[in-house]
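Below: the structure, in structure tokens.
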Amino acid sequence: MLIKLDTVGDQFLAADLKILTAFQKTNTEKPSTKKKKTESSTEASASIDHWSDKGLKEEYENLKAAKNFKAAKDETLSFTGATGETVWVVGLGDKTKVTAEDIRKAIAKAFKAAKAGKFATVAFDVTGFNVLKDEALTSGLIAEAVYLSDYSYDKYKSKKTENVSMTVVLGHIEKKNSAKIEKTLASTKNICDSISVIKDFVNEAPNHLHSEEYARRVEADVKKNLKGVKIKILNKAAIQKEKMGMLLAVNAGSAYEPRIVHLTYEPAKATSKTKHIALVGKGITFDTGGYSLKPGASMMNMKNDMGGSATVYGAFRAAVLEKAPVKITCIMAMTDNAVNEYATMPDSIVTARNGKTVEILNTDAEGRLILGDALDYACDQNPDYIIDAATLTGACLVALGNQVCAILGNDQKWIGEILDAAKNQDEYMWQLPIINEWRQDIKSKIADLKNIGTPMRAGTALGAAFLEEFIKNDIKWAHLDVAGVVDSQSHLPYCSSHGASGLIVRSLTHLLVNGK
Ligand code: BES
Ligand code: ZN
Ligand code: ZN
């Protein structure tokens, strides 16, 4: 997908498809009856005052259909322009209420339709979308929606989706803004490319993407695209040496070795004051539940159970490409949760890397086990802050649906910063509490901890309370439960309606690049 800037207006003029906006007329804007009655000015019901192309304006005003076009949100008017080009007028509703997310959604819908229509050159009238009065921001939103919507997963289709080569023109931008816009577009591309990489990981089938292969693919991507990043991969022997008893317990029933992928990035101008953030992710390449086997319907889609690790990798990748000013450690714990004669039985007691003993009462609560060891290992890297991401609990879907990411942690300021980053990116995130009663609920009668608490009660927070047991040295920590948001975001036109969503990568990347 090629995105070009058009400061002169000639590329916009030459495009096969022109996409402009219109706004709903407010009452005060209603054409005055005193005004000389011409068909065009008195009866048009949408505002297109911002169109710079006079010819196009006239063509529109002469359209019969324009009289009934109200420019409500999601309402589109299509006509053929004077030179045979197609023109789409996208309604954005009340101009004073348009948000960045509205723009992403409108662009995504228009872009997908344009792709389906096989237009070679599609030009967006940036002026019309620039409701937030920042051309670089608007261009970034357009590019973001285009790149994200352009993703498709057809690896296993014998008949591949036709590769439509399309040029997207950002029309009518001011020349003085072009350098800033170019910069924004490059950043947007880095972030969206990283999102595509992790969507491929999440969408990959579990018989292909087992732990060993997942680690290999991450390594190959790091070596190819992330210059200067240090990579260390712990195999089973190294993980045994690390005494990661919980990760090994989950891996016990697997045909594959577990992996810890440990990545480190340092900014070029690091000083002793440079902040260090550790990202930790749950990489269960398939969750059968283990001996506490999931019923068939609940097991479907459990290839997504590595989504947390993919999310943190996506953010790490994008932040490195964006030369984030912070040191970043990214730790991904990988295994499947499978069953064979060696698989860990419920009632087993294992010793975690931090020395705590854990009674495994339900082998389906495996995410907290592998993350607990990974978090303890992360603490030993001495970060100032930790964020972990995991498809940890089904309870998260009960509490927050599949649209909202849960956040919990031990430091309100740190949580607040992450919530702000999510808000800025229009990614839904909501905090849940961890209370002492729930901390007590995961204490075992015969070991230090048990891996489940009271069934059907505050499941997401109990998972987080368990993870908290593996944070040491008062490191500020936040846990993201991405169980709901990792896939199937059919309400977001810039995400695929099924499969990986790539959500939360944008929030975390912006936090890493601009936050600290
Ligand atoms: N991977 C699941 C959580 C999950 C469920 C993610 C549905 C996405 C959709 C996790 O390992 C799990 O099975 N958790 C259990 C915990 C319970 C046994 C305490 C759950 O949520 O039922
Ligand atoms: Zn599970
Ligand atoms: Zn799981």
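To be explicit about the labels: the chains of the structure tokens are called A, B, and onward in the order shown, and within each one the residues are counted from 1, while ligands get numbers from 1 in the order they are shown.
Neighbouring residues of ligand 1 at a cut-off of 6 Å, counting only C-alpha atoms and all ligand atoms, are Asp305, Asn362, Asp364, Ala365, Glu366, Gly367, Thr391, Leu392, Thr393, Gly394, Ala395, Ile452 and Ala483 of chain A.
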Hey, what's within 6 Å of range 84-95 of chain A if we count only C-alpha atoms and toss same-chain stuff fewer than 3 positions away? As a PDB file with N, CA, C and O atoms, in the first residue's frame, please?
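Output saved as selection-v1.pdb:
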ATOM      1  N   ASP A  16      -8.929   8.074  -9.205  1.00  0.00           N
ATOM      2  CA  ASP A  16     -10.105   7.330  -9.702  1.00  0.00           C
ATOM      3  C   ASP A  16     -11.266   7.433  -8.732  1.00  0.00           C
ATOM      4  O   ASP A  16     -12.422   7.344  -9.106  1.00  0.00           O
ATOM      5  N   LEU A  17     -10.901   7.546  -7.469  1.00  0.00           N
ATOM      6  CA  LEU A  17     -11.934   7.663  -6.441  1.00  0.00           C
ATOM      7  C   LEU A  17     -11.553   8.805  -5.502  1.00  0.00           C
ATOM      8  O   LEU A  17     -10.443   8.835  -4.958  1.00  0.00           O
ATOM      9  N   LYS A  18     -12.469   9.742  -5.359  1.00  0.00           N
ATOM     10  CA  LYS A  18     -12.229  10.859  -4.438  1.00  0.00           C
ATOM     11  C   LYS A  18     -13.156  10.694  -3.246  1.00  0.00           C
ATOM     12  O   LYS A  18     -14.363  10.482  -3.421  1.00  0.00           O
ATOM     13  N   ILE A  19     -12.584  10.793  -2.068  1.00  0.00           N
ATOM     14  CA  ILE A  19     -13.413  10.646  -0.870  1.00  0.00           C
ATOM     15  C   ILE A  19     -13.396  11.957  -0.090  1.00  0.00           C
ATOM     16  O   ILE A  19     -12.335  12.409   0.356  1.00  0.00           O
ATOM     17  N   LEU A  20     -14.562  12.556   0.026  1.00  0.00           N
ATOM     18  CA  LEU A  20     -14.679  13.827   0.740  1.00  0.00           C
ATOM     19  C   LEU A  20     -15.648  13.659   1.900  1.00  0.00           C
ATOM     20  O   LEU A  20     -16.312  12.633   2.007  1.00  0.00           O
ATOM     21  N   THR A  21     -15.713  14.656   2.728  1.00  0.00           N
ATOM     22  CA  THR A  21     -16.644  14.556   3.862  1.00  0.00           C
ATOM     23  C   THR A  21     -17.751  15.606   3.744  1.00  0.00           C
ATOM     24  O   THR A  21     -17.606  16.589   3.010  1.00  0.00           O
ATOM     25  N   ALA A  22     -18.808  15.359   4.468  1.00  0.00           N
ATOM     26  CA  ALA A  22     -19.863  16.365   4.619  1.00  0.00           C
ATOM     27  C   ALA A  22     -20.335  16.285   6.066  1.00  0.00           C
ATOM     28  O   ALA A  22     -20.192  15.239   6.714  1.00  0.00           O
ATOM     29  N   PHE A  23     -20.870  17.397   6.542  1.00  0.00           N
ATOM     30  CA  PHE A  23     -21.352  17.433   7.929  1.00  0.00           C
ATOM     31  C   PHE A  23     -22.831  17.755   7.958  1.00  0.00           C
ATOM     32  O   PHE A  23     -23.350  18.393   7.037  1.00  0.00           O
ATOM     33  N   GLN A  24     -23.439  17.318   9.025  1.00  0.00           N
ATOM     34  CA  GLN A  24     -24.854  17.606   9.191  1.00  0.00           C
ATOM     35  C   GLN A  24     -25.023  19.105   9.403  1.00  0.00           C
ATOM     36  O   GLN A  24     -24.210  19.711  10.113  1.00  0.00           O
ATOM     37  N   ALA A  71     -25.834  13.793   5.546  1.00  0.00           N
ATOM     38  CA  ALA A  71     -24.467  13.659   6.071  1.00  0.00           C
ATOM     39  C   ALA A  71     -24.436  13.138   7.504  1.00  0.00           C
ATOM     40  O   ALA A  71     -23.585  13.524   8.306  1.00  0.00           O
ATOM     41  N   ALA A  72     -25.410  12.305   7.804  1.00  0.00           N
ATOM     42  CA  ALA A  72     -25.389  11.675   9.130  1.00  0.00           C
ATOM     43  C   ALA A  72     -24.189  10.725   9.174  1.00  0.00           C
ATOM     44  O   ALA A  72     -23.689  10.306   8.129  1.00  0.00           O
ATOM     45  N   LYS A  73     -23.758  10.408  10.357  1.00  0.00           N
ATOM     46  CA  LYS A  73     -22.661   9.452  10.523  1.00  0.00           C
ATOM     47  C   LYS A  73     -22.999   8.172   9.760  1.00  0.00           C
ATOM     48  O   LYS A  73     -24.140   7.685   9.869  1.00  0.00           O
ATOM     49  N   ASP A  74     -22.075   7.657   9.010  1.00  0.00           N
ATOM     50  CA  ASP A  74     -22.256   6.413   8.250  1.00  0.00           C
ATOM     51  C   ASP A  74     -23.101   6.547   6.990  1.00  0.00           C
ATOM     52  O   ASP A  74     -23.326   5.577   6.286  1.00  0.00           O
ATOM     53  N   GLU A  75     -23.591   7.766   6.715  1.00  0.00           N
ATOM     54  CA  GLU A  75     -24.352   7.957   5.480  1.00  0.00           C
ATOM     55  C   GLU A  75     -23.369   8.373   4.379  1.00  0.00           C
ATOM     56  O   GLU A  75     -22.523   9.244   4.602  1.00  0.00           O
ATOM     57  N   THR A  76     -23.461   7.707   3.246  1.00  0.00           N
ATOM     58  CA  THR A  76     -22.527   8.044   2.164  1.00  0.00           C
ATOM     59  C   THR A  76     -23.289   8.329   0.889  1.00  0.00           C
ATOM     60  O   THR A  76     -24.272   7.664   0.582  1.00  0.00           O
ATOM     61  N   LEU A  77     -22.817   9.309   0.164  1.00  0.00           N
ATOM     62  CA  LEU A  77     -23.413   9.629  -1.134  1.00  0.00           C
ATOM     63  C   LEU A  77     -22.351   9.378  -2.199  1.00  0.00           C
ATOM     64  O   LEU A  77     -21.194   9.771  -2.043  1.00  0.00           O
ATOM     65  N   SER A  78     -22.759   8.711  -3.261  1.00  0.00           N
ATOM     66  CA  SER A  78     -21.792   8.394  -4.308  1.00  0.00           C
ATOM     67  C   SER A  78     -22.263   9.004  -5.620  1.00  0.00           C
ATOM     68  O   SER A  78     -23.450   8.980  -5.927  1.00  0.00           O
ATOM     69  N   PHE A  79     -21.342   9.605  -6.354  1.00  0.00           N
ATOM     70  CA  PHE A  79     -21.714  10.067  -7.695  1.00  0.00           C
ATOM     71  C   PHE A  79     -20.503  10.010  -8.625  1.00  0.00           C
ATOM     72  O   PHE A  79     -19.373   9.814  -8.177  1.00  0.00           O
ATOM     73  N   THR A  80     -20.771  10.153  -9.895  1.00  0.00           N
ATOM     74  CA  THR A  80     -19.678  10.128 -10.870  1.00  0.00           C
ATOM     75  C   THR A  80     -19.327  11.562 -11.229  1.00  0.00           C
ATOM     76  O   THR A  80     -20.198  12.364 -11.576  1.00  0.00           O
ATOM     77  N   GLY A  81     -18.056  11.872 -11.117  1.00  0.00           N
ATOM     78  CA  GLY A  81     -17.594  13.234 -11.377  1.00  0.00           C
ATOM     79  C   GLY A  81     -17.475  13.513 -12.875  1.00  0.00           C
ATOM     80  O   GLY A  81     -17.646  12.612 -13.706  1.00  0.00           O
ATOM     81  N   VAL A  98     -17.256  15.209  16.193  1.00  0.00           N
ATOM     82  CA  VAL A  98     -16.430  14.194  15.532  1.00  0.00           C
ATOM     83  C   VAL A  98     -15.160  13.931  16.346  1.00  0.00           C
ATOM     84  O   VAL A  98     -14.479  14.868  16.774  1.00  0.00           O
TER      85      VAL A  98
END
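Minimum atom-to-atom distance to ligand 2, evaluated using only C-alpha atoms and all ligand atoms, belongs to A:Leu369 out of A:Val482, A:Leu432, A:Ala116, A:Leu369.
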List every residue of range 265-382 of chain A that has an atom at most 7 Å from any atom of range 178-190 of chain A, and for each one report the closest atom pair and its distance in Å to one decimal, counting only C-alpha atoms, with rows sorted by chain and then by increasing residue number, as CSV.
residue,atom,partner,partner_atom,distance
A:Ala318,CA,A:Asn190,CA,5.7
A:Leu321,CA,A:Asn190,CA,6.4
A:Glu322,CA,A:Ser187,CA,6.5
Write the selection just made, keeping N, CA, C and O atoms, as a tab-separated table (two decimals), in the first residue's frame?
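File produced: selection.tsv:
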chain	number	residue	atom	x	y	z
A	318	ALA	N	7.46	-2.02	17.75
A	318	ALA	CA	7.16	-0.68	17.26
A	318	ALA	C	7.98	0.37	18.01
A	318	ALA	O	8.48	1.32	17.41
A	321	LEU	N	11.49	0.42	16.67
A	321	LEU	CA	11.53	1.08	15.36
A	321	LEU	C	11.36	2.59	15.51
A	321	LEU	O	11.92	3.37	14.75
A	322	GLU	N	10.62	2.97	16.53
A	322	GLU	CA	10.39	4.39	16.79
A	322	GLU	C	11.45	5.00	17.71
A	322	GLU	O	11.29	6.12	18.18
Excluding range 419-423 of chain A and residues on its chain fewer than 4 positions from it, collect all residues at most 6 Å away from it, counting only C-alpha atoms, and give them as an mmCIF file with all heavy atoms, in the first residue's frame.
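Writing done, so here's result.cif:
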data_model
loop_
_atom_site.group_PDB
_atom_site.id
_atom_site.type_symbol
_atom_site.label_atom_id
_atom_site.label_comp_id
_atom_site.auth_asym_id
_atom_site.auth_seq_id
_atom_site.Cartn_x
_atom_site.Cartn_y
_atom_site.Cartn_z
ATOM 1 N N GLU A 427 -8.436 3.174 22.808
ATOM 2 C CA GLU A 427 -8.539 1.740 23.081
ATOM 3 C C GLU A 427 -9.146 1.601 24.482
ATOM 4 O O GLU A 427 -8.650 2.190 25.441
ATOM 5 C CB GLU A 427 -7.166 1.071 22.974
ATOM 6 C CG GLU A 427 -6.646 1.128 21.539
ATOM 7 C CD GLU A 427 -5.396 0.301 21.270
ATOM 8 O OE1 GLU A 427 -4.450 0.336 22.088
ATOM 9 O OE2 GLU A 427 -5.347 -0.356 20.229
ATOM 10 N N SER A 507 -1.581 1.612 22.172
ATOM 11 C CA SER A 507 -1.498 2.283 23.480
ATOM 12 C C SER A 507 -0.121 2.092 24.105
ATOM 13 O O SER A 507 0.495 3.046 24.581
ATOM 14 C CB SER A 507 -2.545 1.709 24.437
ATOM 15 O OG SER A 507 -3.824 1.901 23.920
ATOM 16 N N LEU A 511 2.858 4.841 24.834
ATOM 17 C CA LEU A 511 3.346 4.993 26.207
ATOM 18 C C LEU A 511 4.883 4.893 26.240
ATOM 19 O O LEU A 511 5.562 5.690 26.881
ATOM 20 C CB LEU A 511 2.730 3.898 27.083
ATOM 21 C CG LEU A 511 3.181 3.859 28.531
ATOM 22 C CD1 LEU A 511 2.461 4.938 29.334
ATOM 23 C CD2 LEU A 511 2.896 2.499 29.158
#
For Ile442 in chain A: contacts at 9 Å, only C-alpha atoms, fewer than 3 positions along chain excluded, given as a count of residues only: 13
Residue nearest ligand 3 - candidates A:Ile331, A:Leu263, A:Ile370, A:Ile418, atoms counted: only C-alpha atoms and all ligand atoms: A:Ile370
